[in-house]
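Asks: As input, take start30.tsv (TSV, C-alpha atoms):
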```
chain	number	residue	atom	x	y	z
A	1	MET	CA	0.25	28.31	0.34
A	2	ASP	CA	2.96	25.77	-0.46
A	3	LYS	CA	4.95	26.42	-3.61
A	4	LYS	CA	4.86	23.26	-5.78
A	5	ILE	CA	7.52	21.83	-8.08
A	6	THR	CA	6.40	19.57	-10.95
A	7	TRP	CA	8.32	16.40	-11.82
A	8	GLN	CA	7.58	13.77	-14.42
A	9	GLY	CA	5.58	10.74	-13.29
A	10	ALA	CA	7.29	8.53	-10.69
A	11	THR	CA	6.34	5.90	-8.10
A	12	GLN	CA	6.25	8.36	-5.18
A	13	LEU	CA	3.32	6.87	-3.27
A	14	ALA	CA	4.16	6.49	0.45
A	15	PRO	CA	4.16	4.88	2.92
A	16	LEU	CA	3.82	1.43	1.38
A	17	PRO	CA	3.52	-2.00	2.98
A	18	VAL	CA	6.61	-4.19	2.52
A	19	VAL	CA	5.91	-7.91	2.60
A	20	LEU	CA	7.65	-11.27	2.29
A	21	VAL	CA	5.99	-13.21	-0.51
A	22	THR	CA	6.46	-16.98	-0.53
A	23	THR	CA	5.97	-19.24	-3.52
A	24	ALA	CA	6.30	-22.96	-4.12
A	25	ASP	CA	6.34	-25.43	-6.94
A	26	ALA	CA	6.74	-29.20	-6.88
A	27	VAL	CA	10.39	-29.05	-5.84
A	28	ARG	CA	11.22	-25.60	-4.49
A	29	GLN	CA	10.09	-22.83	-2.17
A	30	ASN	CA	11.18	-19.20	-2.40
A	31	VAL	CA	10.66	-15.97	-0.50
A	32	PHE	CA	11.10	-12.45	-1.90
A	33	THR	CA	10.25	-8.92	-0.85
A	34	VAL	CA	7.51	-6.83	-2.44
A	35	ALA	CA	6.49	-3.23	-1.75
A	36	TRP	CA	4.32	-2.94	-4.87
A	37	THR	CA	1.31	-4.49	-3.09
A	38	GLY	CA	-2.07	-3.34	-1.80
A	39	ILE	CA	-5.65	-4.31	-1.05
A	40	VAL	CA	-7.83	-4.14	-4.17
A	41	CYS	CA	-11.25	-5.40	-3.01
A	42	SER	CA	-13.10	-5.89	0.30
A	43	THR	CA	-15.75	-8.44	-0.78
A	44	PRO	CA	-14.35	-10.83	-1.78
A	45	PRO	CA	-11.10	-9.94	0.04
A	46	MET	CA	-8.40	-9.48	-2.61
A	47	LEU	CA	-4.91	-8.02	-2.83
A	48	SER	CA	-2.41	-7.39	-5.59
A	49	ILE	CA	1.33	-7.81	-5.91
A	50	SER	CA	3.44	-6.60	-8.82
A	51	VAL	CA	6.45	-8.69	-9.83
A	52	ARG	CA	9.11	-8.24	-12.52
A	53	LYS	CA	9.12	-11.02	-15.12
A	54	GLU	CA	12.84	-11.65	-14.50
A	55	ARG	CA	12.37	-12.43	-10.82
A	56	PHE	CA	13.02	-16.07	-9.88
A	57	SER	CA	9.53	-16.46	-8.39
A	58	HIS	CA	7.65	-15.00	-11.38
A	59	PRO	CA	7.24	-18.26	-13.34
A	60	MET	CA	6.50	-20.16	-10.12
A	61	ILE	CA	3.54	-17.83	-9.43
A	62	CYS	CA	2.34	-18.07	-13.05
A	63	GLU	CA	2.35	-21.84	-12.76
A	64	SER	CA	1.05	-22.39	-9.22
A	65	ARG	CA	-1.20	-19.29	-9.19
A	66	GLU	CA	-0.66	-19.22	-5.42
A	67	VAL	CA	1.30	-16.96	-3.06
A	68	THR	CA	1.44	-16.26	0.64
A	69	VAL	CA	1.91	-12.63	1.67
A	70	ASN	CA	3.69	-12.52	5.03
A	71	ILE	CA	3.67	-9.25	7.00
A	72	PRO	CA	7.05	-8.91	8.74
A	73	PRO	CA	7.72	-7.10	12.02
A	74	ALA	CA	10.12	-4.14	11.90
A	75	SER	CA	12.60	-6.22	13.92
A	76	LEU	CA	13.09	-8.25	10.70
A	77	ALA	CA	13.92	-5.19	8.52
A	78	GLU	CA	17.38	-6.54	7.71
A	79	GLU	CA	15.96	-9.92	6.61
A	80	VAL	CA	13.26	-8.15	4.59
A	81	ASP	CA	15.94	-6.15	2.79
A	82	ARG	CA	18.03	-9.25	2.16
A	83	CYS	CA	15.03	-11.04	0.60
A	84	GLY	CA	14.64	-8.06	-1.75
A	85	VAL	CA	18.23	-7.75	-2.95
A	86	LEU	CA	19.25	-11.42	-3.13
A	87	SER	CA	17.83	-13.92	-5.62
A	88	GLY	CA	16.41	-17.36	-4.91
A	89	ARG	CA	18.48	-18.53	-7.91
A	90	GLU	CA	21.59	-18.21	-5.75
A	91	TYR	CA	20.43	-18.42	-2.13
A	92	ASN	CA	18.07	-20.45	0.01
A	93	LYS	CA	16.67	-17.38	1.74
A	94	PHE	CA	14.74	-19.40	4.34
A	95	THR	CA	18.05	-20.77	5.60
A	96	LEU	CA	19.93	-17.47	5.15
A	97	CYS	CA	17.30	-15.52	7.15
A	98	HIS	CA	16.52	-18.29	9.68
A	99	PHE	CA	12.86	-18.31	8.62
A	100	THR	CA	10.68	-21.25	9.68
A	101	PRO	CA	8.28	-22.31	6.90
A	102	ILE	CA	4.89	-23.62	8.06
A	103	PRO	CA	2.63	-25.48	5.58
A	104	GLY	CA	-0.16	-23.42	4.05
A	105	GLU	CA	-3.75	-24.44	4.82
A	106	THR	CA	-5.34	-23.32	1.52
A	107	VAL	CA	-2.23	-22.99	-0.70
A	108	LYS	CA	1.10	-24.76	-1.18
A	109	SER	CA	3.25	-21.65	-0.54
A	110	PRO	CA	4.45	-21.60	3.07
A	111	VAL	CA	3.64	-19.27	5.96
A	112	ILE	CA	6.73	-17.72	7.59
A	113	SER	CA	6.38	-18.48	11.30
A	114	GLU	CA	8.33	-15.34	12.30
A	115	CYS	CA	5.74	-13.05	10.63
A	116	PRO	CA	2.77	-12.15	12.87
A	117	VAL	CA	0.20	-12.14	10.03
A	118	SER	CA	0.22	-14.09	6.75
A	119	LEU	CA	-2.31	-13.96	3.93
A	120	GLU	CA	-2.75	-17.09	1.81
A	121	CYS	CA	-3.76	-16.10	-1.73
A	122	LYS	CA	-4.96	-17.62	-5.01
A	123	VAL	CA	-4.26	-15.60	-8.16
A	124	SER	CA	-7.33	-14.64	-10.23
A	125	HIS	CA	-5.89	-12.19	-12.80
A	126	ILE	CA	-2.46	-11.47	-14.30
A	127	LEU	CA	-2.00	-8.13	-16.14
A	128	GLU	CA	1.16	-7.22	-18.03
A	129	LEU	CA	1.73	-3.52	-17.33
A	130	GLY	CA	5.37	-2.91	-18.35
A	131	SER	CA	8.33	-3.58	-16.06
A	132	HIS	CA	5.97	-5.43	-13.73
A	133	ASP	CA	3.15	-7.94	-14.07
A	134	LEU	CA	0.23	-7.30	-11.74
A	135	PHE	CA	-1.05	-10.40	-9.93
A	136	ILE	CA	-4.52	-9.96	-8.44
A	137	ALA	CA	-5.44	-12.60	-5.89
A	138	HIS	CA	-8.19	-13.76	-3.57
A	139	ILE	CA	-7.16	-13.91	0.10
A	140	THR	CA	-8.22	-17.43	1.02
A	141	ALA	CA	-7.00	-17.58	4.64
A	142	VAL	CA	-5.41	-15.34	7.27
A	143	ARG	CA	-2.86	-16.95	9.59
A	144	VAL	CA	-2.28	-14.94	12.77
A	145	SER	CA	0.14	-15.42	15.63
A	146	GLU	CA	-1.89	-16.36	18.68
A	147	ARG	CA	0.00	-13.86	20.83
A	148	LEU	CA	-1.63	-10.98	18.83
A	149	ILE	CA	-5.16	-12.06	19.72
A	150	ASP	CA	-6.61	-10.57	22.89
A	151	GLU	CA	-8.96	-12.27	25.37
A	152	LYS	CA	-11.98	-11.12	23.33
A	153	GLY	CA	-10.61	-12.80	20.20
A	154	ARG	CA	-9.69	-9.49	18.53
A	155	LEU	CA	-6.52	-8.93	16.53
A	156	GLN	CA	-4.18	-6.47	18.26
A	157	LEU	CA	-2.23	-5.46	15.18
A	158	GLU	CA	-0.63	-2.52	16.99
A	159	SER	CA	1.46	-5.12	18.85
A	160	ALA	CA	2.83	-6.46	15.54
A	161	ASP	CA	5.67	-3.87	15.27
A	162	LEU	CA	4.62	-2.99	11.68
A	163	LEU	CA	7.15	-2.09	9.01
A	164	ALA	CA	6.56	0.47	6.22
A	165	TYR	CA	8.53	1.42	3.10
A	166	ALA	CA	8.85	4.99	1.84
A	167	HIS	CA	11.13	6.42	-0.82
A	168	GLY	CA	13.78	3.71	-0.49
A	169	HIS	CA	13.74	3.53	3.31
A	170	TYR	CA	12.27	1.11	5.85
A	171	HIS	CA	10.34	2.73	8.71
A	172	ARG	CA	8.69	1.58	11.91
A	173	VAL	CA	5.01	2.51	12.22
A	174	ALA	CA	4.35	4.60	15.33
A	175	ASP	CA	1.37	4.44	17.70
A	176	ALA	CA	-2.16	5.10	16.44
A	177	ILE	CA	-3.41	8.69	16.37
A	178	GLY	CA	-7.06	7.93	15.61
A	179	HIS	CA	-9.47	5.27	14.41
A	180	PHE	CA	-11.70	5.21	11.33
A	181	GLY	CA	-14.59	7.61	12.00
A	182	PHE	CA	-12.91	9.50	14.86
A	183	SER	CA	-13.34	12.86	13.14
A	184	VAL	CA	-17.13	12.66	13.23
A	185	ARG	CA	-17.74	10.43	16.25
A	186	LYS	CA	-15.96	12.69	18.72
A	187	LYS	CA	-18.62	15.38	18.26
A	188	ALA	CA	-22.37	15.20	17.68
A	189	GLY	CA	-21.37	15.88	14.10
A	190	PRO	CA	-22.62	15.29	10.57
A	191	LYS	CA	-24.03	11.99	9.41
A	192	VAL	CA	-21.61	9.14	8.76
A	193	ARG	CA	-21.62	7.66	5.24
A	194	SER	CA	-23.08	4.15	5.40
B	1	MET	CA	7.79	-21.09	17.18
B	2	ASP	CA	4.67	-18.91	17.11
B	3	LYS	CA	1.37	-20.76	17.41
B	4	LYS	CA	-0.89	-19.68	14.51
B	5	ILE	CA	-4.66	-19.22	14.37
B	6	THR	CA	-6.40	-19.54	10.99
B	7	TRP	CA	-9.18	-17.15	9.97
B	8	GLN	CA	-11.11	-16.92	6.73
B	9	GLY	CA	-9.78	-14.50	4.11
B	10	ALA	CA	-9.85	-10.82	5.11
B	11	THR	CA	-8.18	-7.55	4.06
B	12	GLN	CA	-5.52	-7.69	6.80
B	13	LEU	CA	-2.59	-6.23	4.81
B	14	ALA	CA	-0.82	-3.49	6.83
B	15	PRO	CA	0.37	-0.80	6.97
B	16	LEU	CA	-1.36	0.81	4.00
B	17	PRO	CA	-1.03	4.26	2.49
B	18	VAL	CA	-4.08	6.49	3.03
B	19	VAL	CA	-4.54	9.14	0.38
B	20	LEU	CA	-6.88	11.96	-0.61
B	21	VAL	CA	-8.11	11.29	-4.14
B	22	THR	CA	-9.49	14.25	-6.09
B	23	THR	CA	-11.77	14.05	-9.11
B	24	ALA	CA	-13.39	16.59	-11.38
B	25	ASP	CA	-15.99	16.77	-14.10
B	26	ALA	CA	-17.23	19.79	-16.05
B	27	VAL	CA	-19.04	21.30	-13.06
B	28	ARG	CA	-17.79	19.72	-9.84
B	29	GLN	CA	-14.71	18.68	-7.89
B	30	ASN	CA	-14.64	16.11	-5.11
B	31	VAL	CA	-12.11	14.65	-2.67
B	32	PHE	CA	-12.40	11.29	-0.92
B	33	THR	CA	-10.14	9.03	1.11
B	34	VAL	CA	-8.71	5.76	-0.19
B	35	ALA	CA	-6.55	3.17	1.59
B	36	TRP	CA	-7.04	0.50	-1.08
B	37	THR	CA	-4.18	1.92	-3.21
B	38	GLY	CA	-0.66	0.89	-4.18
B	39	ILE	CA	2.07	1.09	-6.80
B	40	VAL	CA	1.55	-1.50	-9.55
B	41	CYS	CA	4.37	-0.77	-12.05
B	42	SER	CA	7.72	1.06	-12.09
B	43	THR	CA	8.16	1.61	-15.84
B	44	PRO	CA	5.86	3.20	-16.80
B	45	PRO	CA	5.05	4.50	-13.29
B	46	MET	CA	1.53	3.32	-12.40
B	47	LEU	CA	-0.66	3.03	-9.33
B	48	SER	CA	-4.05	1.59	-8.52
B	49	ILE	CA	-6.99	2.74	-6.44
B	50	SER	CA	-10.05	0.66	-5.63
B	51	VAL	CA	-13.39	2.45	-5.33
B	52	ARG	CA	-16.91	1.22	-4.51
B	53	LYS	CA	-19.39	1.79	-7.34
B	54	GLU	CA	-21.74	3.63	-4.98
B	55	ARG	CA	-19.20	6.30	-4.08
B	56	PHE	CA	-20.03	9.77	-5.40
B	57	SER	CA	-16.71	10.01	-7.28
B	58	HIS	CA	-16.98	6.62	-9.01
B	59	PRO	CA	-18.89	7.80	-12.11
B	60	MET	CA	-16.73	10.96	-12.27
B	61	ILE	CA	-13.60	8.79	-12.54
B	62	CYS	CA	-15.22	6.50	-15.11
B	63	GLU	CA	-16.08	9.53	-17.24
B	64	SER	CA	-12.96	11.69	-16.82
B	65	ARG	CA	-10.53	8.76	-16.44
B	66	GLU	CA	-8.39	11.09	-14.35
B	67	VAL	CA	-7.58	11.32	-10.63
B	68	THR	CA	-5.03	13.05	-8.45
B	69	VAL	CA	-3.68	11.05	-5.52
B	70	ASN	CA	-2.66	13.46	-2.75
B	71	ILE	CA	-0.43	12.16	0.08
B	72	PRO	CA	-1.54	13.86	3.31
B	73	PRO	CA	0.66	14.64	6.31
B	74	ALA	CA	-0.28	12.99	9.63
B	75	SER	CA	-1.24	16.44	10.93
B	76	LEU	CA	-4.28	16.20	8.61
B	77	ALA	CA	-5.45	12.80	9.98
B	78	GLU	CA	-8.77	14.29	11.12
B	79	GLU	CA	-9.46	15.80	7.67
B	80	VAL	CA	-8.42	12.51	6.02
B	81	ASP	CA	-10.92	10.65	8.17
B	82	ARG	CA	-13.65	13.19	7.43
B	83	CYS	CA	-13.09	12.79	3.66
B	84	GLY	CA	-13.55	9.04	4.12
B	85	VAL	CA	-16.77	9.06	6.15
B	86	LEU	CA	-18.62	12.00	4.56
B	87	SER	CA	-19.95	12.01	1.00
B	88	GLY	CA	-19.43	14.65	-1.67
B	89	ARG	CA	-23.17	14.30	-2.35
B	90	GLU	CA	-23.83	16.21	0.87
B	91	TYR	CA	-20.68	18.19	1.60
B	92	ASN	CA	-18.16	20.37	-0.20
B	93	LYS	CA	-15.22	18.70	1.49
B	94	PHE	CA	-12.69	21.24	0.17
B	95	THR	CA	-14.54	23.94	2.13
B	96	LEU	CA	-15.24	21.69	5.12
B	97	CYS	CA	-11.55	20.71	5.44
B	98	HIS	CA	-10.07	24.08	4.41
B	99	PHE	CA	-8.23	22.46	1.49
B	100	THR	CA	-6.83	24.72	-1.23
B	101	PRO	CA	-7.27	23.19	-4.70
B	102	ILE	CA	-4.52	23.97	-7.23
B	103	PRO	CA	-5.09	23.27	-10.95
B	104	GLY	CA	-3.60	20.05	-12.25
B	105	GLU	CA	-0.88	20.29	-14.91
B	106	THR	CA	-1.65	17.04	-16.78
B	107	VAL	CA	-5.20	16.32	-15.52
B	108	LYS	CA	-8.32	18.29	-14.57
B	109	SER	CA	-8.55	16.91	-11.01
B	110	PRO	CA	-6.97	19.36	-8.55
B	111	VAL	CA	-3.85	19.10	-6.39
B	112	ILE	CA	-4.49	19.74	-2.68
B	113	SER	CA	-2.00	22.42	-1.69
B	114	GLU	CA	-1.83	21.20	1.92
B	115	CYS	CA	-0.50	17.77	0.81
B	116	PRO	CA	3.30	17.60	0.39
B	117	VAL	CA	3.21	15.21	-2.59
B	118	SER	CA	0.49	14.73	-5.22
B	119	LEU	CA	0.42	12.26	-8.10
B	120	GLU	CA	-1.55	13.24	-11.20
B	121	CYS	CA	-2.92	10.10	-12.89
B	122	LYS	CA	-4.67	8.96	-16.06
B	123	VAL	CA	-6.70	5.75	-15.81
B	124	SER	CA	-5.69	2.96	-18.21
B	125	HIS	CA	-7.73	-0.03	-16.96
B	126	ILE	CA	-10.92	-0.54	-14.93
B	127	LEU	CA	-11.54	-4.02	-13.47
B	128	GLU	CA	-14.75	-4.98	-11.69
B	129	LEU	CA	-13.67	-7.20	-8.77
B	130	GLY	CA	-16.70	-7.28	-6.45
B	131	SER	CA	-17.45	-4.61	-3.84
B	132	HIS	CA	-14.75	-2.46	-5.47
B	133	ASP	CA	-13.71	-1.54	-9.00
B	134	LEU	CA	-9.94	-1.43	-9.50
B	135	PHE	CA	-8.71	1.64	-11.39
B	136	ILE	CA	-5.17	1.25	-12.75
B	137	ALA	CA	-3.57	4.53	-13.79
B	138	HIS	CA	-0.42	6.04	-15.26
B	139	ILE	CA	1.24	8.61	-13.00
B	140	THR	CA	1.65	11.53	-15.40
B	141	ALA	CA	3.15	14.12	-13.04
B	142	VAL	CA	4.40	14.44	-9.46
B	143	ARG	CA	3.73	17.73	-7.68
B	144	VAL	CA	5.99	18.27	-4.66
B	145	SER	CA	6.08	21.01	-2.05
B	146	GLU	CA	9.27	22.98	-2.60
B	147	ARG	CA	10.06	22.88	1.13
B	148	LEU	CA	10.64	19.08	0.86
B	149	ILE	CA	13.40	19.45	-1.74
B	150	ASP	CA	16.91	19.81	-0.38
B	151	GLU	CA	19.75	21.93	-1.84
B	152	LYS	CA	20.81	19.03	-4.08
B	153	GLY	CA	17.30	18.80	-5.56
B	154	ARG	CA	16.45	15.56	-3.74
B	155	LEU	CA	13.08	14.83	-2.21
B	156	GLN	CA	13.27	14.62	1.60
B	157	LEU	CA	10.13	12.58	2.10
B	158	GLU	CA	11.02	11.86	5.73
B	159	SER	CA	10.10	15.51	6.40
B	160	ALA	CA	6.59	14.92	5.04
B	161	ASP	CA	5.13	13.57	8.33
B	162	LEU	CA	3.71	10.50	6.56
B	163	LEU	CA	0.43	8.91	7.57
B	164	ALA	CA	-0.30	5.15	7.43
B	165	TYR	CA	-3.49	3.13	7.92
B	166	ALA	CA	-3.58	-0.24	9.68
B	167	HIS	CA	-6.55	-2.29	10.86
B	168	GLY	CA	-8.90	0.68	11.13
B	169	HIS	CA	-6.41	3.07	12.72
B	170	TYR	CA	-4.35	6.00	11.46
B	171	HIS	CA	-0.67	5.95	12.44
B	172	ARG	CA	2.29	8.28	12.08
B	173	VAL	CA	5.31	6.78	10.33
B	174	ALA	CA	8.40	6.86	12.54
B	175	ASP	CA	12.01	7.57	11.54
B	176	ALA	CA	13.81	5.37	9.02
B	177	ILE	CA	15.60	2.26	10.32
B	178	GLY	CA	17.44	1.38	7.10
B	179	HIS	CA	17.59	2.03	3.37
B	180	PHE	CA	17.08	-0.37	0.45
B	181	GLY	CA	20.19	-2.56	0.26
B	182	PHE	CA	21.44	-1.83	3.80
B	183	SER	CA	21.52	-5.51	4.75
B	184	VAL	CA	24.16	-6.36	2.15
B	185	ARG	CA	26.00	-3.05	1.78
B	186	LYS	CA	27.02	-2.81	5.41
B	187	LYS	CA	29.33	-5.84	5.05
B	188	ALA	CA	31.49	-7.06	2.18
B	189	GLY	CA	28.61	-9.45	1.64
B	190	PRO	CA	26.95	-11.44	-1.12
B	191	LYS	CA	26.30	-10.03	-4.56
B	192	VAL	CA	23.40	-7.63	-4.96
B	193	ARG	CA	20.69	-8.61	-7.43
B	194	SER	CA	20.81	-6.24	-10.41
```
What do you get writing this file as structure tokens?
Replies:
Amino acid sequence: MDKKITWQGATQLAPLPVVLVTTADAVRQNVFTVAWTGIVCSTPPMLSISVRKERFSHPMICESREVTVNIPPASLAEEVDRCGVLSGREYNKFTLCHFTPIPGETVKSPVISECPVSLECKVSHILELGSHDLFIAHITAVRVSERLIDEKGRLQLESADLLAYAHGHYHRVADAIGHFGFSVRKKAGPKVRS
Amino acid sequence: MDKKITWQGATQLAPLPVVLVTTADAVRQNVFTVAWTGIVCSTPPMLSISVRKERFSHPMICESREVTVNIPPASLAEEVDRCGVLSGREYNKFTLCHFTPIPGETVKSPVISECPVSLECKVSHILELGSHDLFIAHITAVRVSERLIDEKGRLQLESADLLAYAHGHYHRVADAIGHFGFSVRKKAGPKVRS
């Protein structure tokens, strides 16, 4: 049995998604990197992002109540990092990273063309938790690169070269080792929870 | 420029963590799998998990307001899947999966010895969102397998064989391709956001 060490509470959940969040107001657009994100509800589809109050985009999200969560490929890890460490107060990160903004269909914040999947979102709740405010949002549209859709119209996300974040490092996601339900479907096994 | 297809809103965020959540009440313990989880605050350290009301553990969490979030290695992908598709109403999943429960230090829900990192959590908020209730929790202790700590006392999470979930599939996480800040530190580049 593994011997365990106990540390005080820390944000050691891993791996995490790492996404490029775009925002817009009447005059500006910005993009910044968020790893404090996750799905929070299936029906309706909702996600959350946590953002420090001092971030340039924070007041833009509070005002517009809209964001687009762009899922970057691992080939853009350097750009993802740059959008996390540099501020929109000082840089136009779309220009700096050679990102192509595409107009949103359900929100004003832009889709990043270079990201294979983008989730357009409308904020429903804002919770002040401490260093970060939690924005909970409805996913109002999914924008997918056509090249990821197979001839049967299914999303082939394994071709998206997914990027993960763990303990301060960016990682590629390797090939799949199983699908949901594989542990019980491969044998005439116990009943599957409905 | 990528041609984009637009779909209605869906939970297409990826990759996601996939964790084994343990719960306990006066007489029972349970373990179930959650991919709808993420970090929501750095200071204080907090995470969220989303759970359907009809899940066996849901009322146990509402009553105890405690959970332990255990991060499984990819070698346990089959057990992780089993804990997601089978219900604690019908199975003792600790026995079924050969998991060794270790007493919590700050909560009653057990640590799973076979998981390299476990986060003990106390629930602070419960939000009803739709199909899922969102539980927001303070991380009160981190329990780490001693074998992951190097001679300088640092966590070597890359040795934990991390498991990710994306679009219905379990994936291993591959080696790191960069660390936070690598895009600006590798050159005498622009100022880093503090």
Asks: Residues at most 12 Å from B:Leu86, counting only C-alpha atoms, excluding those fewer than 3 positions away in the same chain, as a ChimeraX atom specification?
Replies: /A:180-181,183-185,189-194 /B:30-33,55-56,79-83,89-94,96-97
Asks: Quick one: residues within 7 Å of stretch 135-151 of chain A, all atoms listed in the file counted, chain neighbours fewer than 5 positions away excluded, as a PyMOL selection string?
Replies: (chain A and resi 45-50+106+116-127+156-157+159) or (chain B and resi 2-10)
Asks: Can you work out the spacing between atom CA of A:Leu134 and atom CA of B:Pro15 in Å, to one decimal?
Replies: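 Value for the atom CA of A:Leu134-atom CA of B:Pro15 distance: 19.8 Å.
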Asks: What is the distance, in Å and to one decimal place, between atom CA of B:Leu20 and atom CA of B:His58?
Replies: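 The value is 14.2 Å.
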Asks: Please indicate the distance in Å from atom CA of B:Tyr170 to atom CA of B:Ala74, rounded to one decimal place.
Replies: 8.3 Å
Asks: Atoms are missing here; could stretch 26-43 of chain B be completed with N, CA and C atoms and written as a short mmCIF file (atom, residue, chain, number, x, y, z; two decimals), keeping the file's coordinate frame?
Replies:
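The new file selection08.cif reads:
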```
data_model
loop_
_atom_site.label_atom_id
_atom_site.label_comp_id
_atom_site.auth_asym_id
_atom_site.auth_seq_id
_atom_site.Cartn_x
_atom_site.Cartn_y
_atom_site.Cartn_z
N ALA B 26 -17.08 18.43 -15.50
CA ALA B 26 -17.23 19.79 -16.05
C ALA B 26 -17.68 20.80 -14.99
N VAL B 27 -18.45 20.34 -14.00
CA VAL B 27 -19.04 21.30 -13.06
C VAL B 27 -18.60 21.14 -11.60
N ARG B 28 -18.04 19.98 -11.25
CA ARG B 28 -17.79 19.72 -9.84
C ARG B 28 -16.37 19.20 -9.60
N GLN B 29 -15.93 19.34 -8.35
CA GLN B 29 -14.71 18.68 -7.89
C GLN B 29 -15.10 17.90 -6.65
N ASN B 30 -14.40 16.81 -6.37
CA ASN B 30 -14.64 16.11 -5.11
C ASN B 30 -13.30 15.59 -4.59
N VAL B 31 -13.28 15.29 -3.29
CA VAL B 31 -12.11 14.65 -2.67
C VAL B 31 -12.63 13.56 -1.75
N PHE B 32 -12.00 12.38 -1.81
CA PHE B 32 -12.40 11.29 -0.92
C PHE B 32 -11.16 10.48 -0.56
N THR B 33 -11.29 9.73 0.53
CA THR B 33 -10.14 9.03 1.11
C THR B 33 -10.09 7.59 0.63
N VAL B 34 -8.91 7.13 0.31
CA VAL B 34 -8.71 5.76 -0.19
C VAL B 34 -7.50 5.13 0.51
N ALA B 35 -7.69 3.94 1.08
CA ALA B 35 -6.55 3.17 1.59
C ALA B 35 -6.27 1.96 0.70
N TRP B 36 -7.25 1.61 -0.13
CA TRP B 36 -7.04 0.50 -1.08
C TRP B 36 -6.31 1.08 -2.31
N THR B 37 -5.02 1.33 -2.15
CA THR B 37 -4.18 1.92 -3.21
C THR B 37 -2.78 1.33 -3.10
N GLY B 38 -2.04 1.38 -4.21
CA GLY B 38 -0.66 0.89 -4.18
C GLY B 38 0.01 1.15 -5.51
N ILE B 39 1.33 1.00 -5.54
CA ILE B 39 2.07 1.09 -6.80
C ILE B 39 1.94 -0.26 -7.50
N VAL B 40 1.71 -0.25 -8.82
CA VAL B 40 1.55 -1.50 -9.55
C VAL B 40 2.60 -1.69 -10.65
N CYS B 41 3.35 -0.64 -11.01
CA CYS B 41 4.37 -0.77 -12.05
C CYS B 41 5.38 0.36 -11.90
N SER B 42 6.66 0.04 -12.17
CA SER B 42 7.72 1.06 -12.09
C SER B 42 7.89 1.79 -13.41
N THR B 43 7.95 1.03 -14.52
CA THR B 43 8.16 1.61 -15.84
C THR B 43 7.12 1.05 -16.79
#
```
